[in-house]
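Next up, upload-v3.csv (CSV, C-alpha atoms):
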```csv
chain,number,residue,atom,x,y,z
A,15,MET,CA,194.6,-60.4,82.5
A,16,SER,CA,195.2,-56.7,82.0
A,17,GLN,CA,197.0,-54.6,84.6
A,18,ARG,CA,194.9,-53.2,87.4
A,19,TYR,CA,195.6,-49.7,88.7
A,20,ASP,CA,195.2,-48.2,92.1
A,21,ILE,CA,193.7,-45.0,90.7
A,22,ALA,CA,192.5,-44.1,87.2
A,23,ILE,CA,192.0,-40.4,86.5
A,24,VAL,CA,189.4,-39.7,83.8
A,25,GLY,CA,190.5,-36.6,81.8
A,26,GLY,CA,193.9,-35.5,80.6
A,27,GLY,CA,193.4,-31.8,81.0
A,28,ILE,CA,195.3,-29.5,83.3
A,29,VAL,CA,193.3,-30.5,86.4
A,30,GLY,CA,193.5,-34.2,85.8
A,31,LEU,CA,197.3,-34.1,85.1
A,32,ALA,CA,197.9,-31.9,88.2
A,33,THR,CA,196.0,-34.4,90.3
A,34,ALA,CA,198.0,-37.3,88.9
A,35,LEU,CA,201.2,-35.4,89.6
A,36,ARG,CA,200.3,-34.6,93.2
A,37,LEU,CA,199.2,-38.2,93.9
A,38,LEU,CA,202.5,-39.6,92.6
A,39,GLN,CA,204.5,-37.0,94.5
A,40,ARG,CA,202.7,-38.0,97.7
A,41,ARG,CA,202.6,-41.8,97.0
A,42,PRO,CA,205.6,-42.9,94.9
A,43,GLY,CA,205.0,-46.3,93.3
A,44,LEU,CA,201.2,-45.8,93.1
A,45,ARG,CA,199.8,-47.6,90.1
A,46,LEU,CA,198.1,-44.7,88.3
A,47,ALA,CA,196.7,-44.1,84.9
A,48,VAL,CA,195.3,-41.0,83.3
A,49,VAL,CA,192.6,-42.0,80.8
A,50,GLU,CA,192.1,-39.4,78.0
A,51,LYS,CA,189.7,-39.6,75.1
A,52,GLU,CA,191.8,-37.5,72.7
A,53,THR,CA,195.1,-38.5,71.0
A,54,ALA,CA,197.0,-35.8,73.1
A,55,VAL,CA,196.5,-34.2,76.5
A,56,ALA,CA,195.2,-30.7,77.2
A,57,LEU,CA,193.4,-30.2,73.9
A,58,HIS,CA,190.3,-28.4,75.2
A,59,GLN,CA,189.9,-25.9,78.1
A,60,SER,CA,193.5,-26.3,79.2
A,61,SER,CA,194.8,-24.9,75.9
A,62,HIS,CA,191.8,-22.7,74.9
A,63,ASN,CA,192.1,-20.0,77.4
A,64,SER,CA,193.5,-16.5,77.9
A,65,GLY,CA,196.7,-17.6,79.7
A,66,VAL,CA,196.1,-15.3,82.7
A,67,VAL,CA,197.5,-16.4,86.0
A,68,HIS,CA,194.8,-15.0,88.3
A,69,ALA,CA,195.7,-13.4,91.7
A,70,GLY,CA,192.2,-14.0,93.2
A,71,LEU,CA,190.4,-10.7,92.8
A,72,TYR,CA,186.9,-11.9,91.9
A,73,TYR,CA,186.0,-14.8,94.2
A,74,ALA,CA,183.9,-14.8,97.3
A,75,ALA,CA,186.0,-14.7,100.5
A,76,GLY,CA,186.5,-18.2,101.9
A,77,SER,CA,185.3,-19.9,98.8
A,78,ARG,CA,187.3,-22.8,97.2
A,79,LYS,CA,188.1,-20.6,94.3
A,80,ALA,CA,189.5,-17.9,96.5
A,81,ILE,CA,191.6,-20.2,98.6
A,82,LEU,CA,192.8,-22.5,95.9
A,83,CYS,CA,193.5,-19.7,93.4
A,84,ARG,CA,195.9,-18.0,95.9
A,85,GLU,CA,197.6,-21.2,96.9
A,86,GLY,CA,197.7,-22.6,93.4
A,87,LYS,CA,199.2,-19.4,91.9
A,88,ALA,CA,202.2,-19.7,94.2
A,89,GLU,CA,202.6,-23.4,93.4
A,90,LEU,CA,202.3,-22.7,89.7
A,91,GLU,CA,204.9,-19.9,89.8
A,92,ARG,CA,207.3,-22.2,91.6
A,93,PHE,CA,206.6,-25.1,89.2
A,94,ALA,CA,207.1,-22.8,86.1
A,95,GLY,CA,210.4,-21.5,87.5
A,96,GLU,CA,211.7,-25.1,88.2
A,97,HIS,CA,210.8,-26.2,84.7
A,98,GLY,CA,212.0,-23.3,82.7
A,99,ILE,CA,208.5,-22.2,81.6
A,100,PRO,CA,208.2,-18.4,81.0
A,101,ILE,CA,205.8,-16.8,83.4
A,102,GLU,CA,205.4,-13.0,83.8
A,103,ARG,CA,203.8,-10.9,86.5
A,104,CYS,CA,202.6,-8.2,84.0
A,105,GLY,CA,199.8,-6.8,86.2
A,106,LYS,CA,196.1,-6.4,85.7
A,107,LEU,CA,194.2,-3.1,85.5
A,108,VAL,CA,190.4,-3.3,86.2
A,109,VAL,CA,188.8,-0.1,84.8
A,110,ALA,CA,185.6,1.6,85.7
A,111,ALA,CA,184.7,3.2,82.4
A,112,GLU,CA,182.0,5.4,83.9
A,113,SER,CA,180.8,6.5,87.3
A,114,SER,CA,177.9,4.0,87.4
A,115,GLU,CA,180.6,1.3,87.8
A,116,LEU,CA,182.2,2.8,90.8
A,117,ALA,CA,180.1,0.8,93.3
A,118,GLY,CA,181.0,-2.4,91.5
A,119,LEU,CA,184.7,-1.4,91.6
A,120,GLU,CA,184.4,-0.8,95.4
A,121,GLU,CA,182.8,-4.2,95.9
A,122,LEU,CA,185.6,-5.8,93.8
A,123,THR,CA,188.2,-4.0,95.9
A,124,LYS,CA,186.7,-5.4,99.1
A,125,ARG,CA,186.7,-8.9,97.7
A,126,ALA,CA,190.2,-8.7,96.5
A,127,THR,CA,191.4,-7.3,99.9
A,128,ALA,CA,189.5,-10.1,101.8
A,129,ASN,CA,191.2,-12.6,99.6
A,130,GLY,CA,194.7,-11.3,100.5
A,131,VAL,CA,195.6,-10.2,97.0
A,132,PRO,CA,199.0,-8.5,97.4
A,133,GLY,CA,199.9,-5.0,96.2
A,134,LEU,CA,196.4,-3.8,95.3
A,135,GLU,CA,196.2,-0.1,94.3
A,136,ARG,CA,193.1,2.0,93.8
A,137,VAL,CA,193.9,4.4,91.0
A,138,GLY,CA,192.4,7.4,89.3
A,139,PRO,CA,192.7,8.6,85.6
A,140,GLU,CA,196.2,9.9,85.9
A,141,ARG,CA,197.5,6.6,87.3
A,142,ILE,CA,195.5,4.6,84.8
A,143,ALA,CA,197.4,6.6,82.1
A,144,GLU,CA,200.7,5.7,83.7
A,145,ILE,CA,200.0,2.0,83.8
A,146,GLU,CA,198.2,1.8,80.5
A,147,PRO,CA,198.9,5.0,78.5
A,148,HIS,CA,196.1,4.3,75.9
A,149,ALA,CA,193.4,3.2,78.4
A,150,THR,CA,190.8,5.6,79.8
A,151,GLY,CA,188.4,5.4,82.8
A,152,VAL,CA,187.2,7.3,85.8
A,153,ALA,CA,188.9,4.9,88.3
A,154,GLY,CA,190.5,1.5,88.5
A,155,LEU,CA,192.0,-1.3,90.6
A,156,TYR,CA,195.5,-2.4,89.8
A,157,SER,CA,196.8,-5.9,90.7
A,158,PRO,CA,200.5,-5.9,90.0
A,159,THR,CA,201.0,-9.6,90.8
A,160,THR,CA,198.5,-11.0,88.1
A,161,GLY,CA,200.5,-12.8,85.5
A,162,ILE,CA,200.5,-14.6,82.2
A,163,VAL,CA,201.7,-18.1,81.1
A,164,ASP,CA,201.2,-20.7,78.4
A,165,PHE,CA,198.9,-23.2,80.1
A,166,GLU,CA,199.3,-25.7,77.4
A,167,ARG,CA,203.0,-25.8,78.0
A,168,VAL,CA,202.3,-26.1,81.7
A,169,SER,CA,200.0,-29.1,81.1
A,170,LEU,CA,202.6,-30.8,78.9
A,171,ALA,CA,205.2,-30.3,81.7
A,172,TYR,CA,202.7,-31.9,84.2
A,173,ALA,CA,202.3,-34.8,81.8
A,174,ASP,CA,206.1,-35.3,81.5
A,175,GLU,CA,206.4,-35.3,85.3
A,176,VAL,CA,203.6,-37.9,85.6
A,177,ARG,CA,205.3,-40.2,83.1
A,178,SER,CA,208.7,-39.8,84.8
A,179,ARG,CA,207.2,-40.8,88.1
A,180,GLY,CA,205.8,-44.0,86.7
A,181,GLY,CA,202.3,-42.9,85.9
A,182,GLU,CA,200.7,-43.9,82.6
A,183,ILE,CA,198.8,-41.7,80.2
A,184,LEU,CA,196.4,-43.7,78.1
A,185,LEU,CA,195.4,-41.7,75.0
A,186,GLY,CA,192.5,-42.2,72.6
A,187,ARG,CA,190.5,-43.9,75.4
A,188,ARG,CA,187.0,-42.4,75.5
A,189,VAL,CA,185.2,-43.7,78.5
A,190,ARG,CA,181.8,-45.2,77.5
A,191,GLY,CA,180.8,-46.6,80.8
A,192,ILE,CA,182.0,-47.3,84.3
A,193,GLU,CA,181.1,-50.7,85.8
A,194,ARG,CA,181.6,-52.3,89.2
A,195,ARG,CA,182.8,-55.9,89.3
A,196,PRO,CA,184.0,-58.3,91.9
A,197,GLY,CA,187.8,-58.3,92.2
A,198,VAL,CA,189.9,-61.0,90.7
A,199,GLY,CA,193.6,-61.9,90.8
A,200,GLU,CA,195.7,-60.6,93.5
A,201,SER,CA,192.8,-59.6,95.8
A,202,ALA,CA,189.0,-59.9,96.1
A,203,ALA,CA,188.6,-56.1,96.3
A,204,GLU,CA,185.8,-54.7,94.1
A,205,GLU,CA,187.1,-53.3,90.8
A,206,LEU,CA,185.9,-50.4,88.8
A,207,VAL,CA,186.1,-51.0,85.1
A,208,LEU,CA,186.3,-48.1,82.6
A,209,VAL,CA,184.8,-49.3,79.4
A,210,THR,CA,186.5,-47.8,76.3
A,211,PRO,CA,186.4,-48.8,72.6
A,212,GLN,CA,190.1,-49.7,72.9
A,213,GLY,CA,189.6,-52.0,75.8
A,214,GLU,CA,188.8,-52.0,79.5
A,215,VAL,CA,190.8,-50.2,82.2
A,216,ARG,CA,190.6,-51.9,85.6
A,217,THR,CA,191.1,-49.9,88.7
A,218,LEU,CA,190.4,-49.8,92.4
A,219,SER,CA,189.4,-46.1,92.5
A,220,VAL,CA,188.4,-43.3,90.1
A,221,ILE,CA,188.9,-39.6,90.1
A,222,ALA,CA,186.9,-37.9,87.3
A,223,CYS,CA,188.3,-34.6,86.0
A,224,ALA,CA,186.3,-34.7,82.7
A,225,GLY,CA,185.8,-31.0,82.1
A,226,LEU,CA,183.1,-30.5,79.4
A,227,TRP,CA,181.9,-34.1,80.0
A,228,SER,CA,182.0,-34.1,83.8
A,229,ASP,CA,178.3,-34.5,84.2
A,230,ARG,CA,178.1,-37.4,81.7
A,231,VAL,CA,180.9,-39.2,83.5
A,232,ALA,CA,179.2,-38.6,86.9
A,233,ALA,CA,176.0,-40.1,85.5
A,234,MET,CA,177.9,-43.2,84.6
A,235,THR,CA,178.6,-43.8,88.3
A,236,GLY,CA,175.1,-42.9,89.5
A,237,HIS,CA,176.1,-39.4,90.6
A,238,ALA,CA,174.1,-37.4,88.1
A,239,GLY,CA,172.9,-35.0,90.8
A,240,ASN,CA,171.0,-31.8,90.2
A,241,GLN,CA,173.4,-30.0,87.9
A,242,ARG,CA,174.5,-30.3,84.3
A,243,VAL,CA,177.3,-28.8,82.2
A,244,VAL,CA,176.1,-26.0,79.8
A,245,PRO,CA,178.9,-25.2,77.3
A,246,PHE,CA,179.5,-21.5,76.7
A,247,ARG,CA,181.7,-20.5,73.7
A,248,GLY,CA,184.0,-17.5,74.0
A,249,ASP,CA,185.4,-15.9,70.9
A,250,TYR,CA,188.5,-13.7,70.9
A,251,LEU,CA,189.7,-11.1,68.4
A,252,ARG,CA,193.4,-10.4,67.9
A,253,LEU,CA,194.9,-7.0,67.7
A,254,ARG,CA,196.9,-6.6,64.5
A,255,ARG,CA,200.6,-6.4,65.0
A,256,GLU,CA,200.6,-2.7,64.3
A,257,ALA,CA,198.1,-2.1,67.2
A,258,ARG,CA,199.7,-4.2,69.9
A,259,HIS,CA,201.4,-1.2,71.4
A,260,LEU,CA,198.0,0.0,72.6
A,261,VAL,CA,197.9,-2.6,75.3
A,262,ARG,CA,200.9,-3.1,77.7
A,263,ALA,CA,199.4,-5.9,79.9
A,264,LEU,CA,195.9,-6.8,81.0
A,265,ILE,CA,192.9,-4.4,80.9
A,266,TYR,CA,189.6,-5.7,82.4
A,267,PRO,CA,186.2,-4.3,82.9
A,268,VAL,CA,184.4,-4.2,86.3
A,269,ASN,CA,182.6,-7.6,86.3
A,270,ASP,CA,178.9,-8.2,87.2
A,271,PRO,CA,179.1,-10.5,90.2
A,272,ARG,CA,175.9,-12.2,89.1
A,273,PHE,CA,177.8,-14.0,86.4
A,274,PRO,CA,181.0,-16.1,86.3
A,275,PHE,CA,182.0,-14.4,83.1
A,276,LEU,CA,184.4,-11.4,83.4
A,277,GLY,CA,183.3,-9.6,80.2
A,278,ILE,CA,185.3,-8.6,77.2
A,279,HIS,CA,188.9,-7.6,78.2
A,280,LEU,CA,192.3,-7.1,76.6
A,281,THR,CA,195.0,-9.6,77.3
A,282,ARG,CA,198.7,-9.5,76.4
A,283,ARG,CA,199.9,-13.1,75.9
A,284,ILE,CA,203.2,-14.5,76.9
A,285,ASP,CA,204.2,-14.6,73.2
A,286,GLY,CA,203.5,-10.9,72.8
A,287,ASP,CA,200.1,-11.4,71.0
A,288,VAL,CA,197.2,-9.3,72.3
A,289,TRP,CA,193.6,-10.8,72.5
A,290,ALA,CA,190.3,-9.0,73.0
A,291,GLY,CA,187.5,-11.0,74.4
A,292,PRO,CA,186.0,-13.3,75.1
A,293,ASN,CA,182.2,-13.0,74.8
A,294,ALA,CA,180.0,-15.7,76.3
A,295,VAL,CA,177.4,-17.4,74.1
A,296,LEU,CA,175.8,-20.8,74.1
A,297,ALA,CA,177.9,-23.3,72.3
A,298,PHE,CA,175.9,-25.6,70.0
A,299,ALA,CA,178.0,-28.6,70.9
A,300,ARG,CA,180.1,-29.6,73.9
A,301,GLU,CA,183.2,-28.9,71.9
A,302,GLY,CA,181.7,-26.3,69.6
A,303,TYR,CA,184.5,-23.8,69.0
A,304,ARG,CA,182.8,-22.2,66.0
A,305,LEU,CA,179.3,-21.0,65.3
A,306,ARG,CA,178.9,-23.7,62.7
A,307,ASP,CA,179.9,-26.5,65.0
A,308,VAL,CA,176.5,-28.0,65.8
A,309,VAL,CA,175.8,-31.5,67.3
A,310,PRO,CA,172.0,-31.7,67.3
A,311,ALA,CA,171.7,-34.2,70.1
A,312,GLU,CA,173.9,-32.1,72.4
A,313,LEU,CA,172.2,-28.9,71.5
A,314,ALA,CA,168.8,-30.4,72.1
A,315,ALA,CA,169.9,-31.7,75.5
A,316,THR,CA,170.9,-28.2,76.5
A,317,LEU,CA,167.8,-26.5,75.2
A,318,THR,CA,165.5,-28.9,76.9
A,319,TYR,CA,167.3,-28.8,80.2
A,320,ARG,CA,165.1,-27.0,82.7
A,321,GLY,CA,168.1,-25.5,84.5
A,322,PHE,CA,169.2,-23.8,81.3
A,323,LEU,CA,165.7,-22.6,80.5
A,324,ARG,CA,165.3,-21.0,83.9
A,325,LEU,CA,168.8,-19.4,83.6
A,326,GLY,CA,167.8,-18.0,80.2
A,327,LEU,CA,164.6,-16.5,81.4
A,328,ARG,CA,166.4,-14.7,84.2
A,329,PHE,CA,169.2,-13.3,82.1
A,330,TRP,CA,167.9,-13.2,78.5
A,331,ARG,CA,169.0,-9.5,78.1
A,332,PHE,CA,172.6,-10.4,79.0
A,333,GLY,CA,172.5,-13.3,76.7
A,334,ALA,CA,171.0,-11.3,73.8
A,335,GLY,CA,173.8,-8.7,74.2
A,336,GLU,CA,176.5,-11.3,74.1
A,337,MET,CA,175.0,-12.9,71.0
A,338,TRP,CA,174.8,-9.5,69.2
A,339,ARG,CA,178.4,-8.8,69.9
A,340,ASP,CA,179.3,-12.3,68.7
A,341,LEU,CA,177.5,-11.8,65.4
A,342,TRP,CA,178.3,-8.1,64.7
A,343,ARG,CA,182.0,-7.3,65.0
A,344,PRO,CA,181.5,-3.5,65.2
A,345,ALA,CA,179.5,-4.1,68.4
A,346,PHE,CA,182.3,-6.2,69.8
A,347,ALA,CA,184.8,-3.5,68.8
A,348,ALA,CA,182.7,-0.8,70.4
A,349,ARG,CA,182.9,-2.7,73.8
A,350,VAL,CA,186.7,-2.9,73.5
A,351,ARG,CA,186.8,0.9,72.8
A,352,ARG,CA,185.2,1.6,76.1
A,353,TYR,CA,188.6,1.0,77.6
A,354,VAL,CA,191.0,1.7,74.8
A,355,PRO,CA,189.4,4.3,72.5
A,356,GLU,CA,192.2,4.2,69.9
A,357,ILE,CA,191.4,0.7,68.8
A,358,GLY,CA,189.6,0.8,65.5
A,359,ASP,CA,187.6,-1.8,63.8
A,360,ASP,CA,190.4,-2.5,61.4
A,361,ASP,CA,192.8,-3.1,64.3
A,362,LEU,CA,191.0,-6.3,65.1
A,363,GLU,CA,191.2,-9.6,63.3
A,364,PRO,CA,189.6,-13.0,64.0
A,365,GLY,CA,191.2,-14.9,66.9
A,366,PRO,CA,190.8,-18.3,68.6
A,367,SER,CA,187.8,-19.5,70.6
A,368,GLY,CA,187.3,-21.6,73.7
A,369,VAL,CA,184.4,-23.4,75.3
A,370,ARG,CA,183.8,-23.1,79.1
A,371,ALA,CA,182.2,-26.0,80.9
A,372,GLN,CA,179.8,-24.2,83.3
A,373,SER,CA,177.7,-26.3,85.6
A,374,VAL,CA,174.1,-25.0,86.0
A,375,ARG,CA,171.7,-26.4,88.7
A,376,LEU,CA,168.2,-27.6,87.9
A,377,SER,CA,167.0,-24.4,89.7
A,378,GLY,CA,168.7,-22.3,87.0
A,379,GLU,CA,171.5,-21.1,89.3
A,380,ILE,CA,175.0,-21.0,88.0
A,381,VAL,CA,177.4,-23.1,90.1
A,382,ASP,CA,179.9,-20.4,91.0
A,383,ASP,CA,182.5,-22.3,93.1
A,384,PHE,CA,184.7,-25.3,92.3
A,385,SER,CA,182.6,-28.5,93.0
A,386,ILE,CA,184.5,-31.5,94.2
A,387,GLY,CA,182.9,-34.6,95.8
A,388,GLY,CA,181.7,-38.2,95.4
A,389,THR,CA,181.1,-41.3,97.3
A,390,GLY,CA,182.9,-44.6,98.0
A,391,ARG,CA,185.9,-45.0,95.7
A,392,ILE,CA,184.9,-42.4,93.2
A,393,LEU,CA,185.6,-38.7,93.2
A,394,HIS,CA,184.3,-36.2,90.7
A,395,VAL,CA,185.3,-32.6,89.8
A,396,ARG,CA,181.9,-31.4,88.8
A,397,ASN,CA,182.7,-27.7,88.2
A,398,ALA,CA,186.1,-26.3,87.6
A,399,PRO,CA,186.0,-23.2,85.3
A,400,SER,CA,188.4,-20.3,85.6
A,401,PRO,CA,190.6,-20.0,87.7
A,402,ALA,CA,191.1,-23.7,87.6
A,403,ALA,CA,194.2,-23.5,85.4
A,404,THR,CA,195.8,-21.1,87.9
A,405,ALA,CA,194.7,-23.3,90.8
A,406,SER,CA,195.4,-26.6,89.2
A,407,LEU,CA,198.2,-27.8,91.5
A,408,ALA,CA,196.2,-26.7,94.6
A,409,ILE,CA,193.1,-28.5,93.2
A,410,GLY,CA,195.3,-31.5,92.5
A,411,ARG,CA,196.7,-31.4,96.1
A,412,GLU,CA,193.2,-31.2,97.6
A,413,LEU,CA,192.0,-34.2,95.5
A,414,ALA,CA,195.1,-36.2,96.4
A,415,GLU,CA,194.5,-35.6,100.1
A,416,LEU,CA,190.9,-36.5,99.7
A,417,ALA,CA,191.8,-39.6,97.8
A,418,GLU,CA,194.3,-40.7,100.5
A,419,ARG,CA,191.5,-40.6,103.1
A,420,ARG,CA,188.7,-42.0,101.0
A,421,PHE,CA,190.7,-44.7,99.1
A,422,GLU,CA,193.0,-45.7,102.1
A,423,LEU,CA,196.0,-45.6,99.9
A,424,ALA,CA,198.9,-47.7,101.1
```
Kindly transcribe the structure held in the file into structure tokens.
Amino acid sequence: MSQRYDIAIVGGGIVGLATALRLLQRRPGLRLAVVEKETAVALHQSSHNSGVVHAGLYYAAGSRKAILCREGKAELERFAGEHGIPIERCGKLVVAAESSELAGLEELTKRATANGVPGLERVGPERIAEIEPHATGVAGLYSPTTGIVDFERVSLAYADEVRSRGGEILLGRRVRGIERRPGVGESAAEELVLVTPQGEVRTLSVIACAGLWSDRVAAMTGHAGNQRVVPFRGDYLRLRREARHLVRALIYPVNDPRFPFLGIHLTRRIDGDVWAGPNAVLAFAREGYRLRDVVPAELAATLTYRGFLRLGLRFWRFGAGEMWRDLWRPAFAARVRRYVPEIGDDDLEPGPSGVRAQSVRLSGEIVDDFSIGGTGRILHVRNAPSPAATASLAIGRELAELAERRFELA
């Protein structure tokens, strides 16, 4: 008979690994397995992101995002320091390019202040030029504690910690189904069985941190609910080496609070590279990192989902603009030049892409906050987009505490 685990975590991304780490820290000796469909951990959202360590500017006061981002940032900085992972507080400058954006900047300032973001500074054109000499704008908000890190490296360090504490990471195990069966062997407790092509994984409890597949895994347990993941692809362009001096740190636009997307921005990476982007367009596959990546069945499922259709009807102008900038690079470059006018079309070259797992309700509303819940011996992370990487250790801690209560861990 195969080994039975106390907890199986579905998904080896940064949130799943952080949850495993927090559980093993709190409960040494716990029989725990992380079940990951890929042949390595952190291959999707965890390594396809901007690398920004968010300070908590954008999120509604009192929301899970606001609280866990603030707490998780402090825990992440401490973890990085203890594990020799470079992390830099380079600062973020949010720029109002024109006077029509001043009201949005004021609202953002109120949110950031309510969230306790330290060191905030409202700035004018002269101060903008001091912080980012090549940027222009009528006003701005400066967050000096926003930082950058390599989240793939962080994820790999989490994985090393999980293994060193006795946890197992089972790779190449795509979960095809989750079944309930009467317990056998050492106790008669009901078992949950993860069915994979490489064999079954027996466990007493499940925590699903499945990212782009979170709704599919939830449906396997009868928790489909009224929301579904809609994948949005975000493409970046890179500044050529000769143009990197035009951006010192992080330059962001004033975001539209109706959307979870922050808009095209300029990001210095921990390795010195500078990215411009991302845009936000519908991905034609759950893991569709390129325009030509199309999985007909997955695309059809999105296009026939009433929640997505209702969302599209409400915000088709926004979507059309994003698609135009995705297809026509000069339009993308023109948006970048709103903030750094010296960046020319020739200063930009193709960069990487990422896919965001964004939950959308059947009503057409975007699920804005982190969504964590479940029943019985199953917990699901249904929505964990940015700033989930920043907040990963805090999300993991919350899930671990919830699991201790729900699963009655010995």
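The coordinates place CA of Glu50 in chain A at 13.0 Å from CA of Gly213 in chain A.
Of the residues under consideration (A:Gly151, A:Gly95, A:Gly239, A:Gly86), A:Gly151 shows the shortest atom-to-atom contact distance to Arg352 in chain A when counting all atoms listed in the file.
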Per-residue nearest contacts range 230-327 of chain A to range 339-348 of chain A, cut-off 8 Å, using only C-alpha atoms, as a Markdown table:
```
| residue | atom | partner | partner_atom | distance |
| --- | --- | --- | --- | --- |
| A:Asp249 | CA | A:Asp340 | CA | 7.4 |
| A:Asn293 | CA | A:Asp340 | CA | 6.8 |
| A:Val295 | CA | A:Asp340 | CA | 7.7 |
```
Give me the residues near Arg84 in chain A as a PDB file with C-alpha atoms, in the frame of the given file, where near means some atom within 10 Å (using all atoms listed in the file) and where sequence neighbours in that chain fewer than 4 positions away do not count.
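Written file, part-v8.pdb:
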```pdb
ATOM      1  CA  HIS A  68     194.800 -15.000  88.300  1.00  0.00           C
ATOM      2  CA  ALA A  69     195.700 -13.400  91.700  1.00  0.00           C
ATOM      3  CA  GLY A  70     192.200 -14.000  93.200  1.00  0.00           C
ATOM      4  CA  LEU A  71     190.400 -10.700  92.800  1.00  0.00           C
ATOM      5  CA  ARG A  78     187.300 -22.800  97.200  1.00  0.00           C
ATOM      6  CA  LYS A  79     188.100 -20.600  94.300  1.00  0.00           C
ATOM      7  CA  ALA A  80     189.500 -17.900  96.500  1.00  0.00           C
ATOM      8  CA  ALA A  88     202.200 -19.700  94.200  1.00  0.00           C
ATOM      9  CA  GLU A  89     202.600 -23.400  93.400  1.00  0.00           C
ATOM     10  CA  ASN A 129     191.200 -12.600  99.600  1.00  0.00           C
ATOM     11  CA  GLY A 130     194.700 -11.300 100.500  1.00  0.00           C
ATOM     12  CA  VAL A 131     195.600 -10.200  97.000  1.00  0.00           C
ATOM     13  CA  PRO A 401     190.600 -20.000  87.700  1.00  0.00           C
ATOM     14  CA  THR A 404     195.800 -21.100  87.900  1.00  0.00           C
ATOM     15  CA  ALA A 405     194.700 -23.300  90.800  1.00  0.00           C
ATOM     16  CA  ALA A 408     196.200 -26.700  94.600  1.00  0.00           C
TER      17      ALA A 408
END
```
- Query: Val261 in chain A: which residues within 9 Å, counting all atoms listed in the file, same-chain residues fewer than 3 positions away excluded, as a PyMOL selection string?
  - Reply: chain A and resi 146-149+257-258+264-265+280-282+288+354
- Message: Using all atoms listed in the file, can you tell me which of A:Leu155, A:Val67, A:Leu276, A:Ala128 comes closest to Glu102 in chain A?
- Response: A:Val67
Local residues around (192.6, -29.3, 79.1), at most 8 Å away, using only C-alpha atoms, as a PDB file with C-alpha atoms, keeping the file's coordinate frame:
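Done, and the output landed in point18.pdb:
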```pdb
ATOM      1  CA  GLY A  26     193.900 -35.500  80.600  1.00  0.00           C
ATOM      2  CA  GLY A  27     193.400 -31.800  81.000  1.00  0.00           C
ATOM      3  CA  ILE A  28     195.300 -29.500  83.300  1.00  0.00           C
ATOM      4  CA  VAL A  29     193.300 -30.500  86.400  1.00  0.00           C
ATOM      5  CA  VAL A  55     196.500 -34.200  76.500  1.00  0.00           C
ATOM      6  CA  ALA A  56     195.200 -30.700  77.200  1.00  0.00           C
ATOM      7  CA  LEU A  57     193.400 -30.200  73.900  1.00  0.00           C
ATOM      8  CA  HIS A  58     190.300 -28.400  75.200  1.00  0.00           C
ATOM      9  CA  GLN A  59     189.900 -25.900  78.100  1.00  0.00           C
ATOM     10  CA  SER A  60     193.500 -26.300  79.200  1.00  0.00           C
ATOM     11  CA  SER A  61     194.800 -24.900  75.900  1.00  0.00           C
ATOM     12  CA  HIS A  62     191.800 -22.700  74.900  1.00  0.00           C
ATOM     13  CA  GLU A 166     199.300 -25.700  77.400  1.00  0.00           C
ATOM     14  CA  SER A 169     200.000 -29.100  81.100  1.00  0.00           C
ATOM     15  CA  GLY A 225     185.800 -31.000  82.100  1.00  0.00           C
TER      16      GLY A 225
END
```
